[in-house]
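Raw contents of upload.txt, compact mmCIF, C-alpha atoms and all ligand atoms:
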# COMPACT_ATOMS: atom_id res chain seq x y z
CA MET A 1 65.88 111.40 89.40
CA THR A 2 66.04 114.74 87.56
CA GLY A 3 68.94 117.16 87.94
CA LEU A 4 72.61 116.52 88.64
CA LYS A 5 73.65 113.09 89.87
CA GLY A 6 76.22 112.93 92.65
CA ALA A 7 78.34 110.21 94.25
CA LEU A 8 79.51 110.41 97.86
CA ILE A 9 82.75 108.92 99.17
CA GLY A 10 83.07 108.43 102.94
CA CYS A 11 79.93 107.38 104.84
CA GLY A 12 81.07 108.36 108.34
CA PHE A 13 79.87 110.63 111.14
CA PHE A 14 79.46 113.86 109.17
CA ALA A 15 78.33 112.31 105.88
CA ILE A 16 74.91 111.69 107.46
CA ASN A 17 74.36 115.47 107.47
CA GLN A 18 75.58 115.73 103.89
CA MET A 19 73.22 112.94 102.76
CA HIS A 20 70.22 114.52 104.52
CA ALA A 21 71.03 117.89 102.94
CA TRP A 22 71.36 116.37 99.45
CA LYS A 23 67.77 115.15 99.79
CA ASP A 24 66.64 118.78 100.32
CA VAL A 25 68.84 120.38 97.64
CA ASP A 26 67.03 121.57 94.54
CA GLY A 27 68.53 120.20 91.31
CA ALA A 28 70.72 117.33 92.52
CA GLY A 29 70.71 114.03 94.37
CA ILE A 30 73.08 111.21 95.35
CA VAL A 31 72.96 108.06 93.20
CA ALA A 32 76.04 106.14 94.44
CA ILE A 33 78.02 105.88 97.67
CA CYS A 34 81.42 104.50 98.58
CA ASP A 35 83.10 103.53 101.85
CA ARG A 36 85.84 101.02 102.49
CA ASP A 37 84.08 100.09 105.75
CA PRO A 38 81.19 97.71 104.82
CA GLU A 39 79.28 98.54 107.99
CA ARG A 40 79.20 102.29 107.25
CA LEU A 41 78.29 101.56 103.63
CA LYS A 42 75.30 99.50 104.73
CA ILE A 43 74.12 101.98 107.38
CA VAL A 44 74.13 104.95 104.99
CA GLY A 45 72.93 102.95 101.96
CA ASP A 46 69.94 101.57 103.90
CA GLN A 47 69.11 104.86 105.63
CA PHE A 48 69.04 106.85 102.37
CA GLY A 49 67.90 104.12 99.97
CA ILE A 50 71.04 104.13 97.80
CA VAL A 51 71.39 100.96 95.75
CA ARG A 52 74.75 101.59 94.05
CA ARG A 53 77.34 100.89 96.77
CA TYR A 54 81.13 100.58 96.40
CA SER A 55 84.00 99.72 98.71
CA ASP A 56 86.53 101.10 96.23
CA ALA A 57 86.42 104.63 94.77
CA GLU A 58 88.32 103.59 91.60
CA ALA A 59 85.60 101.03 90.84
CA MET A 60 82.89 103.65 91.35
CA PHE A 61 84.59 106.11 88.98
CA ALA A 62 85.09 103.28 86.45
CA ASP A 63 81.33 102.59 86.45
CA GLY A 64 80.59 106.35 86.21
CA GLY A 65 77.03 107.60 85.76
CA PHE A 66 77.37 110.66 88.02
CA ASP A 67 78.05 114.38 87.39
CA PHE A 68 80.00 115.22 90.57
CA VAL A 69 81.59 113.61 93.59
CA ASP A 70 81.24 114.68 97.23
CA ILE A 71 84.33 113.60 99.21
CA ALA A 72 83.43 113.24 102.90
CA THR A 73 86.41 111.22 104.08
CA THR A 74 88.99 112.44 106.60
CA VAL A 75 92.00 114.43 105.40
CA GLN A 76 94.42 111.52 104.77
CA SER A 77 92.59 110.47 101.59
CA HIS A 78 91.62 113.93 100.22
CA ARG A 79 94.51 114.41 97.79
CA ALA A 80 94.26 110.93 96.25
CA LEU A 81 90.48 111.18 95.85
CA VAL A 82 90.47 114.72 94.42
CA GLU A 83 93.17 113.72 91.93
CA MET A 84 91.11 110.62 91.05
CA ALA A 85 88.11 112.87 90.35
CA ALA A 86 90.29 115.12 88.16
CA ARG A 87 91.63 112.13 86.19
CA ASN A 88 88.04 111.05 85.59
CA LYS A 89 87.00 114.63 84.67
CA VAL A 90 84.43 114.72 87.47
CA PRO A 91 83.80 117.99 89.40
CA ALA A 92 84.53 117.51 93.11
CA ILE A 93 83.57 118.81 96.53
CA CYS A 94 86.16 118.04 99.20
CA GLN A 95 85.59 118.25 102.95
CA LYS A 96 87.83 120.43 105.10
CA PRO A 97 90.63 120.27 106.08
CA PHE A 98 91.34 120.43 102.35
CA ALA A 99 94.72 118.68 102.59
CA LYS A 100 97.54 117.60 104.89
CA THR A 101 99.86 120.36 103.65
CA LEU A 102 99.65 123.53 101.58
CA ALA A 103 101.78 121.83 98.91
CA ASP A 104 99.18 119.04 98.62
CA ALA A 105 96.35 121.58 98.47
CA ARG A 106 98.11 123.45 95.65
CA ALA A 107 98.58 120.20 93.72
CA MET A 108 94.87 119.38 94.10
CA VAL A 109 93.81 122.81 92.80
CA GLU A 110 96.21 122.43 89.87
CA ALA A 111 94.96 118.92 89.02
CA CYS A 112 91.35 120.14 88.80
CA ARG A 113 92.33 123.29 86.89
CA ALA A 114 94.29 121.23 84.34
CA ALA A 115 91.37 118.78 83.99
CA GLY A 116 88.92 121.68 83.58
CA VAL A 117 86.67 120.52 86.45
CA ALA A 118 85.23 122.57 89.31
CA LEU A 119 86.60 122.02 92.82
CA MET A 120 84.90 123.34 95.96
CA VAL A 121 86.02 122.84 99.55
CA HIS A 122 83.15 122.01 101.93
CA GLU A 123 84.00 125.04 104.11
CA ASN A 124 80.47 125.51 105.36
CA PHE A 125 80.83 127.81 108.39
CA ARG A 126 80.71 131.01 106.30
CA TRP A 127 77.30 129.76 105.08
CA GLN A 128 75.81 129.78 108.57
CA THR A 129 72.78 132.09 108.83
CA PRO A 130 74.31 134.30 111.60
CA ILE A 131 77.60 134.71 109.68
CA GLN A 132 75.69 135.62 106.51
CA ALA A 133 73.73 138.19 108.55
CA VAL A 134 76.97 139.84 109.74
CA ARG A 135 78.28 139.97 106.19
CA LYS A 136 75.00 141.48 104.96
CA ALA A 137 75.10 144.21 107.62
CA LEU A 138 78.69 145.08 106.69
CA ASP A 139 77.85 145.13 102.96
CA ALA A 140 74.94 147.47 103.70
CA GLY A 141 77.43 149.90 105.28
CA ALA A 142 75.90 149.61 108.78
CA ILE A 143 79.19 150.37 110.55
CA GLY A 144 81.24 152.11 107.84
CA THR A 145 84.73 150.70 107.36
CA PRO A 146 85.63 147.96 109.83
CA PHE A 147 89.03 148.42 111.48
CA TRP A 148 88.97 145.71 114.19
CA GLY A 149 87.39 142.32 114.72
CA ARG A 150 87.20 139.33 117.03
CA PHE A 151 86.08 135.89 115.90
CA SER A 152 85.66 133.68 118.90
CA PHE A 153 84.75 130.01 119.43
CA ARG A 154 85.18 128.93 123.06
CA SER A 155 83.56 125.74 124.28
CA GLY A 156 83.79 122.75 126.60
CA TYR A 157 81.70 120.50 124.32
CA ASP A 158 82.80 116.87 123.99
CA VAL A 159 83.61 116.63 120.28
CA PHE A 160 85.68 113.49 120.83
CA SER A 161 82.72 111.12 121.37
CA GLY A 162 81.42 111.71 117.81
CA GLN A 163 84.84 112.20 116.21
CA PRO A 164 87.38 110.12 118.22
CA TYR A 165 90.16 110.83 115.66
CA LEU A 166 90.20 114.45 116.89
CA ALA A 167 91.89 113.29 120.11
CA GLU A 168 94.59 111.35 118.27
CA GLY A 169 96.24 113.77 115.85
CA GLU A 170 99.36 115.80 116.57
CA ARG A 171 97.33 118.82 115.45
CA PHE A 172 93.81 119.48 116.70
CA ILE A 173 91.91 122.70 117.17
CA ILE A 174 93.45 124.95 114.51
CA GLU A 175 93.35 122.24 111.85
CA ASP A 176 89.82 121.05 112.67
CA LEU A 177 87.87 124.02 114.01
CA GLY A 178 90.12 127.07 113.78
CA ILE A 179 90.21 126.50 110.04
CA HIS A 180 86.51 127.48 109.97
CA THR A 181 87.05 130.50 112.23
CA LEU A 182 90.00 131.71 110.14
CA ASP A 183 87.85 131.31 107.02
CA ILE A 184 85.09 133.41 108.63
CA ALA A 185 87.67 136.11 109.50
CA ARG A 186 88.78 136.18 105.83
CA TYR A 187 85.19 136.19 104.63
CA ILE A 188 84.28 139.14 106.85
CA LEU A 189 87.45 141.26 106.94
CA GLY A 190 89.28 140.14 103.80
CA ASP A 191 92.58 138.45 103.02
CA VAL A 192 95.43 138.34 105.49
CA SER A 193 99.01 139.55 105.13
CA GLY A 194 100.53 138.61 108.50
CA LEU A 195 99.71 136.21 111.35
CA THR A 196 100.93 135.61 114.90
CA ALA A 197 99.71 132.66 116.98
CA ARG A 198 100.01 131.07 120.40
CA THR A 199 98.70 127.59 121.23
CA LYS A 200 98.19 125.39 124.31
CA ARG A 201 97.06 121.91 125.18
CA VAL A 202 94.92 121.97 128.34
CA ASN A 203 93.16 118.58 128.11
CA PRO A 204 95.77 115.93 129.00
CA ARG A 205 93.77 113.15 127.30
CA ILE A 206 94.34 114.44 123.76
CA ARG A 207 97.51 114.79 121.65
CA GLY A 208 97.06 118.11 119.90
CA GLU A 209 96.49 121.71 120.97
CA ASP A 210 92.99 122.58 122.21
CA VAL A 211 93.48 126.35 122.63
CA ALA A 212 94.76 128.88 120.09
CA THR A 213 94.93 132.68 120.01
CA ILE A 214 95.72 134.17 116.62
CA LEU A 215 96.33 137.79 115.62
CA LEU A 216 95.62 138.63 111.96
CA ASP A 217 96.82 141.63 109.94
CA HIS A 218 94.30 142.00 107.12
CA GLU A 219 95.42 143.42 103.76
CA ASN A 220 92.94 146.32 104.11
CA GLY A 221 94.62 147.47 107.35
CA ALA A 222 92.10 145.93 109.76
CA THR A 223 93.34 143.85 112.70
CA SER A 224 91.51 140.86 114.12
CA VAL A 225 91.79 138.21 116.79
CA VAL A 226 90.72 134.63 116.17
CA ASP A 227 90.47 132.77 119.47
CA VAL A 228 89.38 129.15 119.71
CA SER A 229 89.20 126.76 122.64
CA TYR A 230 87.73 123.38 123.54
CA ALA A 231 88.94 123.80 127.12
CA THR A 232 86.49 126.50 128.18
CA ARG A 233 83.66 125.69 130.60
CA LEU A 234 80.92 128.31 130.57
CA PRO A 235 77.59 128.58 132.42
CA LYS A 236 75.72 128.05 129.13
CA GLU A 237 77.57 125.92 126.58
CA PRO A 238 77.81 127.89 123.31
CA PHE A 239 78.78 125.02 120.94
CA PRO A 240 78.87 125.43 117.96
CA GLU A 241 78.44 129.21 117.85
CA THR A 242 81.09 131.58 116.50
CA LEU A 243 80.77 134.92 118.28
CA ILE A 244 81.83 138.06 116.42
CA GLU A 245 82.77 141.60 117.44
CA LEU A 246 83.43 144.21 114.78
CA ASP A 247 84.32 147.87 115.28
CA GLY A 248 83.96 150.20 112.30
CA SER A 249 84.37 153.88 111.50
CA GLU A 250 80.59 154.42 111.92
CA GLY A 251 79.57 151.85 114.51
CA THR A 252 79.84 148.33 115.89
CA ILE A 253 78.41 144.85 115.25
CA ARG A 254 78.13 142.18 117.91
CA LEU A 255 77.05 138.60 117.18
CA THR A 256 76.24 137.33 120.63
CA GLN A 257 75.58 133.94 122.19
CA GLY A 258 72.07 132.71 121.38
CA TYR A 259 72.27 134.11 117.82
CA GLY A 260 71.61 137.77 118.60
CA LEU A 261 72.86 140.44 116.19
CA GLU A 262 73.36 143.90 117.66
CA ILE A 263 74.24 146.87 115.45
CA THR A 264 75.08 150.23 116.96
CA ASN A 265 75.64 153.33 114.81
CA GLY A 266 74.57 156.96 114.54
CA ARG A 267 70.91 155.86 114.36
CA GLY A 268 71.12 153.99 117.70
CA THR A 269 71.13 150.26 118.42
CA THR A 270 69.10 147.60 116.60
CA ARG A 271 68.80 144.02 117.78
CA MET A 272 67.85 141.06 115.59
CA ASP A 273 67.38 137.34 116.05
CA VAL A 274 69.57 135.62 113.44
CA ALA A 275 69.06 132.04 114.66
CA PRO A 276 69.41 129.28 112.07
CA LYS A 277 66.37 127.25 111.01
CA LEU A 278 65.89 123.85 112.58
CA LEU A 279 65.65 121.74 109.40
CA SER A 280 63.37 118.68 109.56
CA TRP A 281 66.31 116.28 109.95
CA ALA A 282 68.46 118.54 112.16
CA SER A 283 68.99 118.47 115.92
CA ARG A 284 70.19 121.05 118.43
CA PRO A 285 72.89 122.25 118.96
CA TRP A 286 74.15 121.05 115.56
CA HIS A 287 71.34 122.72 113.58
CA ASN A 288 73.48 125.80 112.86
CA ILE A 289 76.12 123.63 111.16
CA GLN A 290 73.50 121.38 109.56
CA GLU A 291 71.70 124.30 107.91
CA SER A 292 75.02 125.53 106.50
CA VAL A 293 75.63 122.10 104.96
CA PHE A 294 72.39 122.46 103.03
CA ALA A 295 73.34 126.03 102.01
CA ILE A 296 76.79 125.10 100.68
CA GLU A 297 75.44 122.09 98.77
CA GLN A 298 72.75 124.25 97.14
CA HIS A 299 75.47 126.80 96.27
CA TRP A 300 77.54 124.00 94.68
CA VAL A 301 74.67 123.00 92.40
CA ASP A 302 73.64 126.56 91.51
CA GLN A 303 77.18 127.65 90.59
CA LEU A 304 77.96 124.42 88.75
CA LYS A 305 74.88 124.91 86.58
CA ARG A 306 75.90 128.52 85.86
CA GLY A 307 79.53 127.56 85.27
CA ALA A 308 80.50 130.14 87.93
CA GLU A 309 83.24 130.09 90.60
CA HIS A 310 82.26 128.78 94.05
CA SER A 311 82.60 130.97 97.14
CA THR A 312 84.91 128.37 98.74
CA SER A 313 86.58 127.11 95.56
CA GLY A 314 89.82 125.18 95.93
CA ALA A 315 91.72 128.31 94.90
CA ASP A 316 89.93 130.41 97.53
CA ASN A 317 90.55 127.81 100.21
CA LEU A 318 94.32 127.87 99.62
CA LYS A 319 94.21 131.29 101.32
CA THR A 320 92.40 129.87 104.36
CA PHE A 321 94.60 126.78 104.44
CA ALA A 322 97.72 128.99 104.38
CA LEU A 323 96.48 130.60 107.61
CA VAL A 324 96.32 127.18 109.28
CA GLU A 325 99.91 126.40 108.31
CA ALA A 326 101.02 129.90 109.27
CA ALA A 327 99.38 129.54 112.69
CA TYR A 328 101.25 126.31 113.45
CA ASP A 329 104.53 127.81 112.16
CA SER A 330 104.05 130.99 114.18
CA ALA A 331 103.25 129.11 117.39
CA ALA A 332 106.24 126.78 116.91
CA GLN A 333 108.70 129.54 116.04
CA GLY A 334 107.33 132.37 118.22
CA ARG A 335 107.33 134.85 115.33
CA THR A 336 104.98 136.63 112.95
CA ILE A 337 104.49 134.85 109.61
CA ASP A 338 104.34 136.71 106.28
CA VAL A 339 101.25 135.04 104.81
CA ARG A 340 101.57 136.70 101.38
CA ALA A 341 104.96 135.03 100.93
CA MET A 342 103.31 131.61 101.35
CA LEU A 343 100.84 132.08 98.49
P1 LIG B 401 84.62 109.53 109.91
O1 LIG B 401 85.91 108.88 110.24
O2 LIG B 401 83.45 109.31 110.80
O3 LIG B 401 84.17 109.12 108.43
C1 LIG B 401 85.04 109.00 107.36
C2 LIG B 401 84.60 107.80 106.53
O4 LIG B 401 85.39 107.77 105.34
C3 LIG B 401 84.81 106.45 107.24
O5 LIG B 401 83.61 105.72 107.23
C4 LIG B 401 85.91 105.76 106.43
O6 LIG B 401 85.77 104.36 106.37
C5 LIG B 401 85.73 106.41 105.06
N1 LIG B 401 86.94 106.44 104.23
C6 LIG B 401 88.15 106.97 104.54
N2 LIG B 401 89.00 106.89 103.49
C7 LIG B 401 88.30 106.30 102.49
C8 LIG B 401 88.62 105.95 101.14
N3 LIG B 401 89.83 106.19 100.63
N4 LIG B 401 87.67 105.38 100.38
C9 LIG B 401 86.44 105.13 100.89
N5 LIG B 401 86.08 105.43 102.16
C10 LIG B 401 86.99 106.02 102.94
O7 LIG B 401 84.95 111.08 109.76
P2 LIG B 401 83.93 112.30 109.88
O8 LIG B 401 83.86 112.75 111.29
O9 LIG B 401 82.68 112.00 109.16
O10 LIG B 401 84.76 113.43 109.11
C11 LIG B 401 84.92 113.39 107.72
C12 LIG B 401 85.44 114.73 107.26
O11 LIG B 401 84.45 115.73 107.55
C13 LIG B 401 86.71 115.20 107.99
O12 LIG B 401 87.58 115.78 107.06
C14 LIG B 401 86.19 116.23 109.01
O13 LIG B 401 87.13 117.25 109.31
C15 LIG B 401 85.02 116.80 108.26
N6 LIG B 401 84.00 117.41 109.11
C16 LIG B 401 83.48 118.57 108.68
C17 LIG B 401 82.52 119.21 109.42
C18 LIG B 401 81.98 120.51 108.88
O14 LIG B 401 81.17 121.17 109.53
N7 LIG B 401 82.38 120.93 107.71
C19 LIG B 401 82.06 118.66 110.62
C20 LIG B 401 82.59 117.43 111.02
C21 LIG B 401 83.56 116.80 110.25
O1 LIG B 402 83.12 121.46 112.02
C1 LIG B 402 83.94 120.59 112.25
O2 LIG B 402 84.83 120.43 111.47
C2 LIG B 402 83.79 119.65 113.44
C3 LIG B 402 83.57 120.28 114.77
C4 LIG B 402 82.53 121.38 114.80
C5 LIG B 402 83.20 119.24 115.79
O3 LIG B 402 84.79 120.80 115.20
O4 LIG B 402 84.90 118.80 113.47
Take the structure I supplied and represent it as structure tokens, if you would.
Amino acid sequence: MTGLKGALIGCGFFAINQMHAWKDVDGAGIVAICDRDPERLKIVGDQFGIVRRYSDAEAMFADGGFDFVDIATTVQSHRALVEMAARNKVPAICQKPFAKTLADARAMVEACRAAGVALMVHENFRWQTPIQAVRKALDAGAIGTPFWGRFSFRSGYDVFSGQPYLAEGERFIIEDLGIHTLDIARYILGDVSGLTARTKRVNPRIRGEDVATILLDHENGATSVVDVSYATRLPKEPFPETLIELDGSEGTIRLTQGYGLEITNGRGTTRMDVAPKLLSWASRPWHNIQESVFAIEQHWVDQLKRGAEHSTSGADNLKTFALVEAAYDSAAQGRTIDVRAML
């Protein structure tokens, strides 16, 4: 294999997408995999033809022979594995949620900084084609200066069948899905100074909250609402689309269900189809997410080769992760949280 050699830890539900995408990425490929569950190790190893297989990450690092590690385990193991990568001077990608707490996330960023290795969080939603199209329209000045936004993900999709652990945690929608929506809000309207949140659990069969409404004060003076729900039945299920409304000094942008982008300004209204590609290995409705997995992996390789900072570096993701913690604190305490004071 030519190009960068990667190792993947965690061969579960989502890693299948990551492995497919690595096959398409230009300039890198996976040469070793690790999972403590022998069944998952065999399934992924056989499906993707990976001969080097490990049940223990320490043993894989000890054998070496790879240029980066892609950590696709659930959050409980992220800190230990990122710190292991730093000790072994191996650049690391870590799935979201980055860490259990902001303190852990800070320690992980510091470990990689001190070791001089790159760290990127696999925060892929901002890489979705429709989200990139909104950002491009804003950058082109289509609506002047945005002063208000809404970032909305409301669904009744059964995420628990593929990811049963989502029903079991004390925290659910903000930590798992809202984290993406908050990151999109930051990506589109900039960093956040204050946050107010309200949460609810509607589905009695899960432990955590499945509805959250979050008000963001952005540092540039814009205000936005991030609203997420897995308790919303609609005539046409929108999973996994994030819908966006932006009002600016010169016009408006609407990202509507079915991947339509509508821009209204002094020149009238233009409508575009910004649907993601259906990659050869992808399947609806996940193709939007699957395409963004390919995009973030390609970005990882391109920036690593250039020695440049990643869009969702560990340091960048601290600012998204702080919003998750702030949202839980705000909902628990019924007050607005000063986000700048957390960073
Ligand atoms: P999963 O439970 O299906 O898979 C995790 C795998 O990691 C399991 O096979 C487990 O045995 C293995 N594992 C855990 N700790 C390990 C360790 N220390 N060493 C070796 N193997 C270990 O989980 P999943 O649904 O695939 O989710 C994985 C991560 O991906 C989560 O953090 C989740 O939030 C995230 N995720 C991200 C997206 C996205 O779009 N970015 C989508 C779904 C899931
Ligand atoms: O993207 C995610 O992290 C997933 C899902 C879209 C199901 O919430 O867990």
* **Counting all atoms listed in the file, the residue of A:Pro97, A:Gly27, A:Gly194, A:Pro91 that sits nearest A:Ile337** => A:Gly194
* Asked: Leaving out stretch 315-329 of chain A and any residue of its chain fewer than 5 positions from it, which residues lie within 8 Å of it when counting all atoms listed in the file, given as an MDAnalysis selection string?
  -> chainID A and resid 97:98 101:102 105:106 109 121 174:175 178:179 182:183 186 191 195:198 214 337 339 342:343
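Nearest-residue note for A:Thr270: choosing from A:His78, A:Arg284, A:Arg254, A:Lys236, the minimum distance belongs to A:Arg254, counting all atoms listed in the file.
With only C-alpha atoms and all ligand atoms as the basis for measurement, A:Gly162 is the residue among A:Gly162, A:Gly116, A:Gly49, A:Gly6 that approaches ligand LIG 402 (chain B) most closely.
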* **Using all atoms listed in the file: which of A:Ala137, A:Val90, A:Ile33, A:Cys112 has the shortest distance to A:Thr73** => A:Ile33
Can you put N, CA and C atoms back into stretch 61-87 of chain A and show it as a tab-separated table (two decimals), keeping the file's coordinate frame?
chain	number	residue	atom	x	y	z
A	61	PHE	N	84.30	105.20	90.11
A	61	PHE	CA	84.59	106.11	88.98
A	61	PHE	C	84.56	105.33	87.65
A	62	ALA	N	85.07	104.08	87.68
A	62	ALA	CA	85.09	103.28	86.45
A	62	ALA	C	83.66	103.03	85.94
A	63	ASP	N	82.73	102.80	86.86
A	63	ASP	CA	81.33	102.59	86.45
A	63	ASP	C	80.66	103.89	86.02
A	64	GLY	N	81.09	105.02	86.61
A	64	GLY	CA	80.59	106.35	86.21
A	64	GLY	C	79.10	106.52	86.45
A	65	GLY	N	78.47	107.37	85.61
A	65	GLY	CA	77.03	107.60	85.76
A	65	GLY	C	76.70	108.68	86.78
A	66	PHE	N	77.67	109.54	87.12
A	66	PHE	CA	77.37	110.66	88.02
A	66	PHE	C	78.10	111.92	87.53
A	67	ASP	N	77.55	113.09	87.90
A	67	ASP	CA	78.05	114.38	87.39
A	67	ASP	C	79.03	115.05	88.33
A	68	PHE	N	79.04	114.64	89.61
A	68	PHE	CA	80.00	115.22	90.57
A	68	PHE	C	80.23	114.23	91.70
A	69	VAL	N	81.31	114.47	92.43
A	69	VAL	CA	81.59	113.61	93.59
A	69	VAL	C	81.72	114.48	94.84
A	70	ASP	N	81.19	113.98	95.95
A	70	ASP	CA	81.24	114.68	97.23
A	70	ASP	C	82.15	113.85	98.15
A	71	ILE	N	83.34	114.36	98.43
A	71	ILE	CA	84.33	113.60	99.21
A	71	ILE	C	84.19	113.96	100.70
A	72	ALA	N	83.71	113.00	101.49
A	72	ALA	CA	83.43	113.24	102.90
A	72	ALA	C	84.30	112.37	103.80
A	73	THR	N	85.47	112.01	103.28
A	73	THR	CA	86.41	111.22	104.08
A	73	THR	C	87.26	112.17	104.93
A	74	THR	N	88.07	111.60	105.83
A	74	THR	CA	88.99	112.44	106.60
A	74	THR	C	90.20	112.81	105.72
A	75	VAL	N	91.02	113.73	106.23
A	75	VAL	CA	92.00	114.43	105.40
A	75	VAL	C	93.02	113.52	104.69
A	76	GLN	N	93.37	112.39	105.31
A	76	GLN	CA	94.42	111.52	104.77
A	76	GLN	C	94.17	111.13	103.30
A	77	SER	N	92.90	110.96	102.94
A	77	SER	CA	92.59	110.47	101.59
A	77	SER	C	92.22	111.60	100.62
A	78	HIS	N	92.16	112.86	101.08
A	78	HIS	CA	91.62	113.93	100.22
A	78	HIS	C	92.41	114.11	98.92
A	79	ARG	N	93.74	114.14	99.02
A	79	ARG	CA	94.51	114.41	97.79
A	79	ARG	C	94.29	113.30	96.75
A	80	ALA	N	94.41	112.05	97.20
A	80	ALA	CA	94.26	110.93	96.25
A	80	ALA	C	92.88	110.95	95.60
A	81	LEU	N	91.85	111.24	96.40
A	81	LEU	CA	90.48	111.18	95.85
A	81	LEU	C	90.17	112.37	94.94
A	82	VAL	N	90.68	113.55	95.29
A	82	VAL	CA	90.47	114.72	94.42
A	82	VAL	C	91.21	114.50	93.10
A	83	GLU	N	92.42	113.97	93.17
A	83	GLU	CA	93.17	113.72	91.93
A	83	GLU	C	92.49	112.63	91.08
A	84	MET	N	91.86	111.66	91.77
A	84	MET	CA	91.11	110.62	91.05
A	84	MET	C	89.92	111.25	90.31
A	85	ALA	N	89.24	112.17	90.99
A	85	ALA	CA	88.11	112.87	90.35
A	85	ALA	C	88.61	113.65	89.14
A	86	ALA	N	89.75	114.33	89.27
A	86	ALA	CA	90.29	115.12	88.16
A	86	ALA	C	90.63	114.21	86.98
A	87	ARG	N	91.28	113.08	87.26
A	87	ARG	CA	91.63	112.13	86.19
A	87	ARG	C	90.39	111.65	85.44
